[in-house]
$ cat query.pdb   # PDB, C-alpha atoms
ATOM      1  CA  MET A   1       0.000   0.000   0.000  1.00  0.00           C
ATOM      2  CA  PRO A   2       1.549   3.348  -1.025  1.00  0.00           C
ATOM      3  CA  THR A   3       1.829   5.231   2.234  1.00  0.00           C
ATOM      4  CA  PHE A   4       4.542   6.996   4.101  1.00  0.00           C
ATOM      5  CA  ASP A   5       4.862   8.686   7.446  1.00  0.00           C
ATOM      6  CA  LEU A   6       5.550  12.379   7.155  1.00  0.00           C
ATOM      7  CA  THR A   7       6.955  14.362  10.039  1.00  0.00           C
ATOM      8  CA  LEU A   8       5.629  17.881   9.696  1.00  0.00           C
ATOM      9  CA  PRO A   9       7.896  20.832  10.499  1.00  0.00           C
ATOM     10  CA  THR A  10       5.921  21.041  13.769  1.00  0.00           C
ATOM     11  CA  ASP A  11       7.233  17.542  14.744  1.00  0.00           C
ATOM     12  CA  GLU A  12       3.795  15.934  14.370  1.00  0.00           C
ATOM     13  CA  THR A  13       3.831  12.750  12.289  1.00  0.00           C
ATOM     14  CA  ILE A  14       0.951  11.848   9.994  1.00  0.00           C
ATOM     15  CA  CYS A  15       0.332   9.075   7.496  1.00  0.00           C
ATOM     16  CA  VAL A  16       0.122  10.114   3.853  1.00  0.00           C
ATOM     17  CA  TYR A  17      -1.691   7.959   1.291  1.00  0.00           C
ATOM     18  CA  HIS A  18      -0.687   8.556  -2.300  1.00  0.00           C
ATOM     19  CA  ALA A  19      -1.627   7.253  -5.733  1.00  0.00           C
ATOM     20  CA  THR A  20       1.793   7.375  -7.398  1.00  0.00           C
ATOM     21  CA  LEU A  21       5.441   8.340  -7.068  1.00  0.00           C
ATOM     22  CA  SER A  22       7.192  11.324  -8.620  1.00  0.00           C
ATOM     23  CA  GLU A  23       8.733   9.269 -11.448  1.00  0.00           C
ATOM     24  CA  GLY A  24       5.428   9.022 -13.387  1.00  0.00           C
ATOM     25  CA  TRP A  25       3.497  11.563 -15.438  1.00  0.00           C
ATOM     26  CA  ALA A  26       1.960  13.149 -12.332  1.00  0.00           C
ATOM     27  CA  GLY A  27       5.411  13.732 -10.821  1.00  0.00           C
ATOM     28  CA  LYS A  28       6.723  15.153 -14.080  1.00  0.00           C
ATOM     29  CA  TYR A  29       3.698  17.430 -14.337  1.00  0.00           C
ATOM     30  CA  PHE A  30       3.901  18.747 -10.768  1.00  0.00           C
ATOM     31  CA  ASN A  31       7.692  19.123 -10.880  1.00  0.00           C
ATOM     32  CA  GLY A  32       7.249  21.055 -14.124  1.00  0.00           C
ATOM     33  CA  LYS A  33       4.750  23.362 -12.435  1.00  0.00           C
ATOM     34  CA  ARG A  34       7.234  23.975  -9.614  1.00  0.00           C
ATOM     35  CA  ILE A  35       9.967  25.105 -11.978  1.00  0.00           C
ATOM     36  CA  GLY A  36       7.617  26.941 -14.319  1.00  0.00           C
ATOM     37  CA  PHE A  37       7.812  24.614 -17.304  1.00  0.00           C
ATOM     38  CA  ASN A  38       5.470  21.924 -18.550  1.00  0.00           C
ATOM     39  CA  GLY A  39       5.547  20.623 -22.082  1.00  0.00           C
ATOM     40  CA  GLU A  40       2.285  19.818 -23.834  1.00  0.00           C
ATOM     41  CA  LEU A  41       3.119  16.094 -23.900  1.00  0.00           C
ATOM     42  CA  THR A  42       3.615  16.022 -20.118  1.00  0.00           C
ATOM     43  CA  LYS A  43       0.385  17.902 -19.492  1.00  0.00           C
ATOM     44  CA  HIS A  44      -1.528  15.730 -21.974  1.00  0.00           C
ATOM     45  CA  ASN A  45      -0.259  12.467 -20.486  1.00  0.00           C
ATOM     46  CA  TYR A  46      -0.919  13.633 -16.929  1.00  0.00           C
ATOM     47  CA  ASN A  47      -4.487  14.658 -17.837  1.00  0.00           C
ATOM     48  CA  ARG A  48      -5.061  11.240 -19.418  1.00  0.00           C
ATOM     49  CA  ALA A  49      -3.848   9.576 -16.206  1.00  0.00           C
ATOM     50  CA  ILE A  50      -6.144  11.529 -13.841  1.00  0.00           C
ATOM     51  CA  PRO A  51      -9.064   9.017 -13.803  1.00  0.00           C
ATOM     52  CA  GLU A  52      -6.679   6.163 -12.990  1.00  0.00           C
ATOM     53  CA  LEU A  53      -4.944   8.233 -10.311  1.00  0.00           C
ATOM     54  CA  GLN A  54      -8.288   9.231  -8.775  1.00  0.00           C
ATOM     55  CA  ALA A  55      -9.350   5.589  -8.571  1.00  0.00           C
ATOM     56  CA  LYS A  56      -5.991   4.541  -7.145  1.00  0.00           C
ATOM     57  CA  LEU A  57      -6.084   7.204  -4.434  1.00  0.00           C
ATOM     58  CA  VAL A  58      -9.627   6.281  -3.388  1.00  0.00           C
ATOM     59  CA  GLN A  59      -8.603   2.608  -3.365  1.00  0.00           C
ATOM     60  CA  GLU A  60      -5.603   3.331  -1.113  1.00  0.00           C
ATOM     61  CA  ILE A  61      -7.750   5.240   1.371  1.00  0.00           C
ATOM     62  CA  GLU A  62     -10.438   2.566   1.270  1.00  0.00           C
ATOM     63  CA  GLN A  63      -7.990  -0.308   1.801  1.00  0.00           C
ATOM     64  CA  ALA A  64      -6.385   1.493   4.716  1.00  0.00           C
ATOM     65  CA  GLY A  65      -9.762   1.672   6.419  1.00  0.00           C
ATOM     66  CA  ILE A  66      -9.170   5.175   7.731  1.00  0.00           C
ATOM     67  CA  ILE A  67     -12.192   7.000   9.011  1.00  0.00           C
ATOM     68  CA  PHE A  68     -12.531  10.749   8.682  1.00  0.00           C
ATOM     69  CA  ASP A  69     -15.409  13.112   9.307  1.00  0.00           C
ATOM     70  CA  ALA A  70     -13.997  16.091   7.420  1.00  0.00           C
ATOM     71  CA  VAL A  71     -11.754  16.838   4.459  1.00  0.00           C
ATOM     72  CA  VAL A  72      -9.869  19.935   3.453  1.00  0.00           C
ATOM     73  CA  CYS A  73      -7.734  20.917   0.492  1.00  0.00           C
ATOM     74  CA  PRO A  74      -5.196  23.674   1.102  1.00  0.00           C
ATOM     75  CA  PRO A  75      -5.798  26.755  -1.022  1.00  0.00           C
ATOM     76  CA  SER A  76      -3.741  26.657  -4.183  1.00  0.00           C
ATOM     77  CA  GLY A  77      -2.936  28.861  -7.112  1.00  0.00           C
ATOM     78  CA  GLY A  78      -4.290  26.206  -9.476  1.00  0.00           C
ATOM     79  CA  ASN A  79      -7.135  23.754  -9.583  1.00  0.00           C
ATOM     80  CA  ASP A  80      -5.091  20.547  -9.784  1.00  0.00           C
ATOM     81  CA  ILE A  81      -6.470  19.066  -6.581  1.00  0.00           C
ATOM     82  CA  GLU A  82     -10.107  19.260  -7.645  1.00  0.00           C
ATOM     83  CA  PRO A  83     -10.342  15.831  -9.368  1.00  0.00           C
ATOM     84  CA  TYR A  84      -8.966  14.131  -6.253  1.00  0.00           C
ATOM     85  CA  ARG A  85     -11.188  16.104  -3.869  1.00  0.00           C
ATOM     86  CA  GLN A  86     -14.228  15.199  -5.962  1.00  0.00           C
ATOM     87  CA  ALA A  87     -13.276  11.502  -6.066  1.00  0.00           C
ATOM     88  CA  VAL A  88     -12.898  11.387  -2.283  1.00  0.00           C
ATOM     89  CA  LEU A  89     -16.148  13.265  -1.652  1.00  0.00           C
ATOM     90  CA  GLU A  90     -18.059  11.039  -4.084  1.00  0.00           C
ATOM     91  CA  ARG A  91     -16.954   7.997  -2.101  1.00  0.00           C
ATOM     92  CA  TRP A  92     -17.198   9.614   1.367  1.00  0.00           C
ATOM     93  CA  PRO A  93     -19.740  12.469   1.532  1.00  0.00           C
ATOM     94  CA  VAL A  94     -18.242  14.148   4.603  1.00  0.00           C
ATOM     95  CA  ARG A  95     -17.878  17.742   5.692  1.00  0.00           C
ATOM     96  CA  ASP A  96     -15.660  19.702   3.286  1.00  0.00           C
ATOM     97  CA  LEU A  97     -13.760  22.681   4.727  1.00  0.00           C
ATOM     98  CA  THR A  98     -11.975  23.562   1.485  1.00  0.00           C
ATOM     99  CA  GLY A  99     -14.161  26.598   0.792  1.00  0.00           C
ATOM    100  CA  ASN A 100     -13.321  28.070   4.205  1.00  0.00           C
ATOM    101  CA  PHE A 101      -9.699  28.640   3.139  1.00  0.00           C
ATOM    102  CA  THR A 102      -8.386  31.266   0.765  1.00  0.00           C
ATOM    103  CA  ARG A 103      -4.928  32.370  -0.189  1.00  0.00           C
ATOM    104  CA  GLN A 104      -3.733  35.945   0.053  1.00  0.00           C
ATOM    105  CA  GLY A 105      -0.280  35.897  -1.510  1.00  0.00           C
ATOM    106  CA  ARG A 106       2.182  34.003  -3.657  1.00  0.00           C
ATOM    107  CA  LYS A 107       4.374  32.139  -1.151  1.00  0.00           C
ATOM    108  CA  ARG A 108       5.238  28.633  -2.259  1.00  0.00           C
ATOM    109  CA  ALA A 109       5.765  25.887   0.295  1.00  0.00           C
ATOM    110  CA  VAL A 110       8.149  24.096  -2.055  1.00  0.00           C
ATOM    111  CA  ARG A 111      10.782  26.827  -1.675  1.00  0.00           C
ATOM    112  CA  PRO A 112      13.386  25.964   0.972  1.00  0.00           C
ATOM    113  CA  ASP A 113      13.284  29.490   2.414  1.00  0.00           C
ATOM    114  CA  THR A 114       9.491  29.357   2.961  1.00  0.00           C
ATOM    115  CA  THR A 115       8.563  28.562   6.558  1.00  0.00           C
ATOM    116  CA  VAL A 116       5.414  27.191   8.137  1.00  0.00           C
ATOM    117  CA  GLU A 117       4.833  30.681   9.545  1.00  0.00           C
ATOM    118  CA  ASP A 118       4.957  32.057   5.993  1.00  0.00           C
ATOM    119  CA  MET A 119       2.312  29.549   4.933  1.00  0.00           C
ATOM    120  CA  ILE A 120       0.156  30.321   7.968  1.00  0.00           C
ATOM    121  CA  ALA A 121       0.241  33.994   6.971  1.00  0.00           C
ATOM    122  CA  GLU A 122      -0.463  33.015   3.357  1.00  0.00           C
ATOM    123  CA  PHE A 123      -3.725  31.236   4.211  1.00  0.00           C
ATOM    124  CA  VAL A 124      -6.889  32.904   5.441  1.00  0.00           C
ATOM    125  CA  TYR A 125      -9.401  30.708   7.239  1.00  0.00           C
ATOM    126  CA  THR A 126     -13.035  31.611   7.829  1.00  0.00           C
ATOM    127  CA  PRO A 127     -14.235  29.496  10.758  1.00  0.00           C
ATOM    128  CA  ASP A 128     -17.699  27.973  10.767  1.00  0.00           C
ATOM    129  CA  GLY A 129     -17.872  27.527  14.546  1.00  0.00           C
ATOM    130  CA  LYS A 130     -17.943  23.734  14.321  1.00  0.00           C
ATOM    131  CA  GLU A 131     -14.190  23.072  14.334  1.00  0.00           C
ATOM    132  CA  ALA A 132     -14.375  21.386  17.764  1.00  0.00           C
ATOM    133  CA  GLU A 133     -16.613  18.705  16.200  1.00  0.00           C
ATOM    134  CA  ILE A 134     -13.800  17.470  13.938  1.00  0.00           C
ATOM    135  CA  ARG A 135     -12.576  14.146  15.285  1.00  0.00           C
ATOM    136  CA  SER A 136     -10.655  13.033  12.207  1.00  0.00           C
ATOM    137  CA  LEU A 137      -9.449  15.020   9.221  1.00  0.00           C
ATOM    138  CA  LEU A 138      -8.175  14.047   5.797  1.00  0.00           C
ATOM    139  CA  VAL A 139      -6.041  16.727   4.141  1.00  0.00           C
ATOM    140  CA  ILE A 140      -6.088  16.263   0.366  1.00  0.00           C
ATOM    141  CA  ASP A 141      -3.303  17.845  -1.694  1.00  0.00           C
ATOM    142  CA  GLU A 142      -2.054  17.244  -5.209  1.00  0.00           C
ATOM    143  CA  SER A 143       1.475  16.565  -3.973  1.00  0.00           C
ATOM    144  CA  VAL A 144       3.174  16.288  -0.611  1.00  0.00           C
ATOM    145  CA  ALA A 145       6.822  16.974   0.073  1.00  0.00           C
ATOM    146  CA  SER A 146       7.742  18.968   3.184  1.00  0.00           C
ATOM    147  CA  GLY A 147       4.448  19.161   5.094  1.00  0.00           C
ATOM    148  CA  LYS A 148       4.549  22.956   5.481  1.00  0.00           C
ATOM    149  CA  THR A 149       1.172  23.392   3.816  1.00  0.00           C
ATOM    150  CA  ILE A 150      -0.472  20.709   5.959  1.00  0.00           C
ATOM    151  CA  ALA A 151       1.033  22.215   9.118  1.00  0.00           C
ATOM    152  CA  ALA A 152      -0.373  25.638   8.192  1.00  0.00           C
ATOM    153  CA  VAL A 153      -3.865  24.218   7.592  1.00  0.00           C
ATOM    154  CA  LEU A 154      -3.774  22.391  10.930  1.00  0.00           C
ATOM    155  CA  HIS A 155      -2.642  25.562  12.691  1.00  0.00           C
ATOM    156  CA  HIS A 156      -5.698  27.475  11.431  1.00  0.00           C
ATOM    157  CA  LEU A 157      -8.148  24.692  12.280  1.00  0.00           C
ATOM    158  CA  ARG A 158      -6.722  24.204  15.759  1.00  0.00           C
ATOM    159  CA  GLU A 159      -6.638  27.937  16.362  1.00  0.00           C
ATOM    160  CA  HIS A 160     -10.396  27.893  15.818  1.00  0.00           C
ATOM    161  CA  GLY A 161     -11.193  24.888  17.990  1.00  0.00           C
ATOM    162  CA  MET A 162     -10.173  21.638  16.318  1.00  0.00           C
ATOM    163  CA  LEU A 163      -8.857  19.435  19.105  1.00  0.00           C
ATOM    164  CA  GLU A 164      -5.136  18.714  19.277  1.00  0.00           C
ATOM    165  CA  ASP A 165      -5.862  14.992  19.456  1.00  0.00           C
ATOM    166  CA  ALA A 166      -8.066  14.898  16.344  1.00  0.00           C
ATOM    167  CA  ALA A 167      -6.739  12.196  14.016  1.00  0.00           C
ATOM    168  CA  VAL A 168      -5.059  13.629  10.916  1.00  0.00           C
ATOM    169  CA  ALA A 169      -4.043  11.865   7.707  1.00  0.00           C
ATOM    170  CA  ALA A 170      -3.262  13.154   4.228  1.00  0.00           C
ATOM    171  CA  ALA A 171      -4.044  11.959   0.725  1.00  0.00           C
ATOM    172  CA  SER A 172      -2.063  13.023  -2.279  1.00  0.00           C
ATOM    173  CA  CYS A 173      -1.937  12.301  -5.963  1.00  0.00           C
ATOM    174  CA  VAL A 174       1.844  12.038  -5.898  1.00  0.00           C
ATOM    175  CA  LYS A 175       4.604  11.604  -3.350  1.00  0.00           C
ATOM    176  CA  MET A 176       7.364  14.050  -4.203  1.00  0.00           C
ATOM    177  CA  GLY A 177      11.015  13.716  -3.296  1.00  0.00           C
TER     178      GLY A 177
END
$ encode --input "query.pdb" --output "C-alpha cells"
Amino acid sequence: MPTFDLTLPTDETICVYHATLSEGWAGKYFNGKRIGFNGELTKHNYNRAIPELQAKLVQEIEQAGIIFDAVVCPPSGGNDIEPYRQAVLERWPVRDLTGNFTRQGRKRAVRPDTTVEDMIAEFVYTPDGKEAEIRSLLVIDESVASGKTIAAVLHHLREHGMLEDAAVAAASCVKMG
C-alpha cells in the first residue's frame, strides 16, 4: 500500500496515502509546475492519467480503512487538486472545509526558504464555529513533500477549535522527493 509517514515541520507525524510516485506523469507534471515549465506532452499524459490516479487514491484510502469526518484541500494557485477532492467526496460524503480557506499571496511551500509561519500567513481561514466537532481530518493535496502546507492548515483549524488529538491523515496524488 503506497503510504509513508511524514513528520511535519511542527514535529507531528501523519500518514500520507498517495496514488503514485514522482517518477510518473503526475510527478513530471507537478515538478514542471514547480519550476515553471510543462511541455504539452507532459500535461496531456498527466491529464489522461487523472481518472486512474483518482481511482488509485480512493482505493488506497479505502484499503487502509481510515475513518474521517472532514476533508480539506489547502488553497492553491491552481485547480489541480479538484479531481482528487471530488473523487474522495463522491466515495465519502463528509464535511468539506476547502471553501473556508483562501490564499492571500504568492508564497510557495516548495521553496526551501518558505517557513510554516509564511504559509500560515499566506492562508486565510473563515471558521464555521464547528471546528471542535472534527474528530478526524483528511487533508487532500495534489502533492506532498515537506508538510509545510499541511502544518499551516492544521494551525488554522486548531486555532479555531479543532482538538489537538483529532486524528489527521493526508491523501495526495503524488509523493514528491
$ closest_residue --input "query.pdb" --among "A:Leu53, A:Val139, A:Ala64, A:Val116" --to "Thr98 in chain A" --atoms "only C-alpha atoms"
A:Val139
$ closest_residue --input "query.pdb" --among "A:Asp113, A:Glu62, A:Glu52, A:Asp165" --to "Arg91 in chain A" --atoms "all atoms listed in the file"
A:Glu62
$ resolve_selection --input "query.pdb" --expression "the PyMOL selection byres ((chain A and resi 169-174) around 7)" --output "list in words"
Ile14, Cys15, Val16, Tyr17, His18, Ala19, Thr20, Leu21, Ser22, Ala26, Gly27, Leu53, Leu57, Leu137, Leu138, Val139, Ile140, Asp141, Glu142, Ser143, Val144, Ala167, Val168, Lys175 and Met176 of chain A
$ atom_distance --input "query.pdb" --atom1 "CA of Arg85 in chain A" --atom2 "CA of Pro112 in chain A"
26.9 Å
$ resolve_selection --input "query.pdb" --expression "the PyMOL selection byres ((chain A and resi 105) around 12)" --output "PyMOL selection string"
chain A and resi 75-77+102-104+106-109+118-124
$ closest_residue --input "query.pdb" --among "A:Arg48, A:Leu41, A:Gly24, A:Thr3" --to "Glu60 in chain A" --atoms "only C-alpha atoms"
A:Thr3
$ residues_around --input "query.pdb" --residues "Ala166 in chain A" --least-positions-apart "3" --cutoff "9 Å" --atoms "all atoms listed in the file" --output "PyMOL selection string"
chain A and resi 134-137+162-163
$ atom_distance --input "query.pdb" --atom1 "CA of Tyr29 in chain A" --atom2 "CA of Lys43 in chain A"
6.1 Å
$ atom_distance --input "query.pdb" --atom1 "CA of Asp11 in chain A" --atom2 "CA of Ala151 in chain A"
9.6 Å
$ axis_aligned_box --input "query.pdb" --around "range 103-116 of chain A" --padding-each-side "5 Å" --output "AutoDock Vina command-line options"
--center_x 4.2 --center_y 30.0 --center_z 2.2 --size_x 28.3 --size_y 21.8 --size_z 21.8
$ residues_near_point --input "query.pdb" --point "(-12.2, 21.8, 4.0)" --cutoff "7 Å" --atoms "all atoms listed in the file" --output "PyMOL selection string"
chain A and resi 70-73+96-100
$ closest_residue --input "query.pdb" --among "A:Glu82, A:Trp92, A:Trp25, A:His160" --to "Gly129 in chain A" --atoms "only C-alpha atoms"
A:His160
$ build_atoms --input "query.pdb" --residues "range 59-70 of chain A" --atoms "all heavy atoms" --output "PDB file, in the frame of the given file"
ATOM      1  N   GLN A  59      -8.864   4.002  -3.741  1.00  0.00           N
ATOM      2  CA  GLN A  59      -8.603   2.608  -3.365  1.00  0.00           C
ATOM      3  C   GLN A  59      -7.629   2.533  -2.185  1.00  0.00           C
ATOM      4  O   GLN A  59      -7.831   1.748  -1.259  1.00  0.00           O
ATOM      5  CB  GLN A  59      -8.034   1.851  -4.559  1.00  0.00           C
ATOM      6  CG  GLN A  59      -7.675   0.421  -4.251  1.00  0.00           C
ATOM      7  CD  GLN A  59      -6.990  -0.260  -5.424  1.00  0.00           C
ATOM      8  OE1 GLN A  59      -6.543   0.372  -6.373  1.00  0.00           O
ATOM      9  NE2 GLN A  59      -6.913  -1.579  -5.357  1.00  0.00           N
ATOM     10  N   GLU A  60      -6.584   3.342  -2.201  1.00  0.00           N
ATOM     11  CA  GLU A  60      -5.603   3.331  -1.113  1.00  0.00           C
ATOM     12  C   GLU A  60      -6.244   3.751   0.208  1.00  0.00           C
ATOM     13  O   GLU A  60      -5.999   3.147   1.245  1.00  0.00           O
ATOM     14  CB  GLU A  60      -4.412   4.236  -1.435  1.00  0.00           C
ATOM     15  CG  GLU A  60      -3.558   3.758  -2.578  1.00  0.00           C
ATOM     16  CD  GLU A  60      -3.087   2.335  -2.423  1.00  0.00           C
ATOM     17  OE1 GLU A  60      -2.754   1.922  -1.300  1.00  0.00           O
ATOM     18  OE2 GLU A  60      -3.060   1.614  -3.423  1.00  0.00           O
ATOM     19  N   ILE A  61      -7.072   4.774   0.160  1.00  0.00           N
ATOM     20  CA  ILE A  61      -7.750   5.240   1.371  1.00  0.00           C
ATOM     21  C   ILE A  61      -8.721   4.169   1.868  1.00  0.00           C
ATOM     22  O   ILE A  61      -8.786   3.871   3.063  1.00  0.00           O
ATOM     23  CB  ILE A  61      -8.481   6.575   1.096  1.00  0.00           C
ATOM     24  CG1 ILE A  61      -7.474   7.672   0.743  1.00  0.00           C
ATOM     25  CG2 ILE A  61      -9.341   6.983   2.287  1.00  0.00           C
ATOM     26  CD1 ILE A  61      -8.105   8.914   0.142  1.00  0.00           C
ATOM     27  N   GLU A  62      -9.458   3.595   0.929  1.00  0.00           N
ATOM     28  CA  GLU A  62     -10.438   2.566   1.270  1.00  0.00           C
ATOM     29  C   GLU A  62      -9.766   1.342   1.899  1.00  0.00           C
ATOM     30  O   GLU A  62     -10.206   0.828   2.926  1.00  0.00           O
ATOM     31  CB  GLU A  62     -11.188   2.163   0.007  1.00  0.00           C
ATOM     32  CG  GLU A  62     -12.539   1.585   0.242  1.00  0.00           C
ATOM     33  CD  GLU A  62     -13.343   1.599  -1.054  1.00  0.00           C
ATOM     34  OE1 GLU A  62     -12.832   1.125  -2.095  1.00  0.00           O
ATOM     35  OE2 GLU A  62     -14.473   2.085  -1.001  1.00  0.00           O
ATOM     36  N   GLN A  63      -8.686   0.873   1.281  1.00  0.00           N
ATOM     37  CA  GLN A  63      -7.990  -0.308   1.801  1.00  0.00           C
ATOM     38  C   GLN A  63      -7.371  -0.054   3.175  1.00  0.00           C
ATOM     39  O   GLN A  63      -7.276  -0.971   3.982  1.00  0.00           O
ATOM     40  CB  GLN A  63      -6.908  -0.759   0.816  1.00  0.00           C
ATOM     41  CG  GLN A  63      -7.469  -1.438  -0.406  1.00  0.00           C
ATOM     42  CD  GLN A  63      -6.394  -1.844  -1.389  1.00  0.00           C
ATOM     43  OE1 GLN A  63      -5.244  -1.441  -1.294  1.00  0.00           O
ATOM     44  NE2 GLN A  63      -6.773  -2.656  -2.362  1.00  0.00           N
ATOM     45  N   ALA A  64      -6.978   1.172   3.415  1.00  0.00           N
ATOM     46  CA  ALA A  64      -6.385   1.493   4.716  1.00  0.00           C
ATOM     47  C   ALA A  64      -7.438   1.488   5.820  1.00  0.00           C
ATOM     48  O   ALA A  64      -7.112   1.327   6.994  1.00  0.00           O
ATOM     49  CB  ALA A  64      -5.696   2.853   4.663  1.00  0.00           C
ATOM     50  N   GLY A  65      -8.688   1.685   5.436  1.00  0.00           N
ATOM     51  CA  GLY A  65      -9.762   1.672   6.419  1.00  0.00           C
ATOM     52  C   GLY A  65      -9.787   2.899   7.318  1.00  0.00           C
ATOM     53  O   GLY A  65     -10.384   2.868   8.387  1.00  0.00           O
ATOM     54  N   ILE A  66      -9.153   3.981   6.881  1.00  0.00           N
ATOM     55  CA  ILE A  66      -9.170   5.175   7.731  1.00  0.00           C
ATOM     56  C   ILE A  66     -10.572   5.776   7.737  1.00  0.00           C
ATOM     57  O   ILE A  66     -11.313   5.680   6.769  1.00  0.00           O
ATOM     58  CB  ILE A  66      -8.119   6.220   7.325  1.00  0.00           C
ATOM     59  CG1 ILE A  66      -8.382   6.776   5.928  1.00  0.00           C
ATOM     60  CG2 ILE A  66      -6.733   5.662   7.420  1.00  0.00           C
ATOM     61  CD1 ILE A  66      -7.531   7.980   5.600  1.00  0.00           C
ATOM     62  N   ILE A  67     -10.891   6.361   8.845  1.00  0.00           N
ATOM     63  CA  ILE A  67     -12.192   7.000   9.011  1.00  0.00           C
ATOM     64  C   ILE A  67     -11.939   8.487   9.230  1.00  0.00           C
ATOM     65  O   ILE A  67     -11.071   8.873  10.007  1.00  0.00           O
ATOM     66  CB  ILE A  67     -12.942   6.391  10.210  1.00  0.00           C
ATOM     67  CG1 ILE A  67     -13.200   4.904   9.932  1.00  0.00           C
ATOM     68  CG2 ILE A  67     -14.238   7.141  10.482  1.00  0.00           C
ATOM     69  CD1 ILE A  67     -13.728   4.154  11.119  1.00  0.00           C
ATOM     70  N   PHE A  68     -12.675   9.306   8.530  1.00  0.00           N
ATOM     71  CA  PHE A  68     -12.531  10.749   8.682  1.00  0.00           C
ATOM     72  C   PHE A  68     -13.907  11.374   8.570  1.00  0.00           C
ATOM     73  O   PHE A  68     -14.760  10.890   7.841  1.00  0.00           O
ATOM     74  CB  PHE A  68     -11.550  11.323   7.652  1.00  0.00           C
ATOM     75  CG  PHE A  68     -11.800  10.875   6.238  1.00  0.00           C
ATOM     76  CD1 PHE A  68     -12.582  11.632   5.391  1.00  0.00           C
ATOM     77  CD2 PHE A  68     -11.258   9.689   5.770  1.00  0.00           C
ATOM     78  CE1 PHE A  68     -12.819  11.217   4.082  1.00  0.00           C
ATOM     79  CE2 PHE A  68     -11.484   9.263   4.472  1.00  0.00           C
ATOM     80  CZ  PHE A  68     -12.271  10.027   3.621  1.00  0.00           C
ATOM     81  N   ASP A  69     -14.112  12.440   9.341  1.00  0.00           N
ATOM     82  CA  ASP A  69     -15.409  13.112   9.307  1.00  0.00           C
ATOM     83  C   ASP A  69     -15.344  14.462   8.613  1.00  0.00           C
ATOM     84  O   ASP A  69     -16.351  15.139   8.482  1.00  0.00           O
ATOM     85  CB  ASP A  69     -16.015  13.230  10.709  1.00  0.00           C
ATOM     86  CG  ASP A  69     -15.114  13.937  11.703  1.00  0.00           C
ATOM     87  OD1 ASP A  69     -14.278  14.763  11.299  1.00  0.00           O
ATOM     88  OD2 ASP A  69     -15.246  13.654  12.904  1.00  0.00           O
ATOM     89  N   ALA A  70     -14.149  14.832   8.152  1.00  0.00           N
ATOM     90  CA  ALA A  70     -13.997  16.091   7.420  1.00  0.00           C
ATOM     91  C   ALA A  70     -12.801  15.979   6.484  1.00  0.00           C
ATOM     92  O   ALA A  70     -11.857  15.234   6.750  1.00  0.00           O
ATOM     93  CB  ALA A  70     -13.787  17.253   8.386  1.00  0.00           C
TER      94      ALA A  70
END
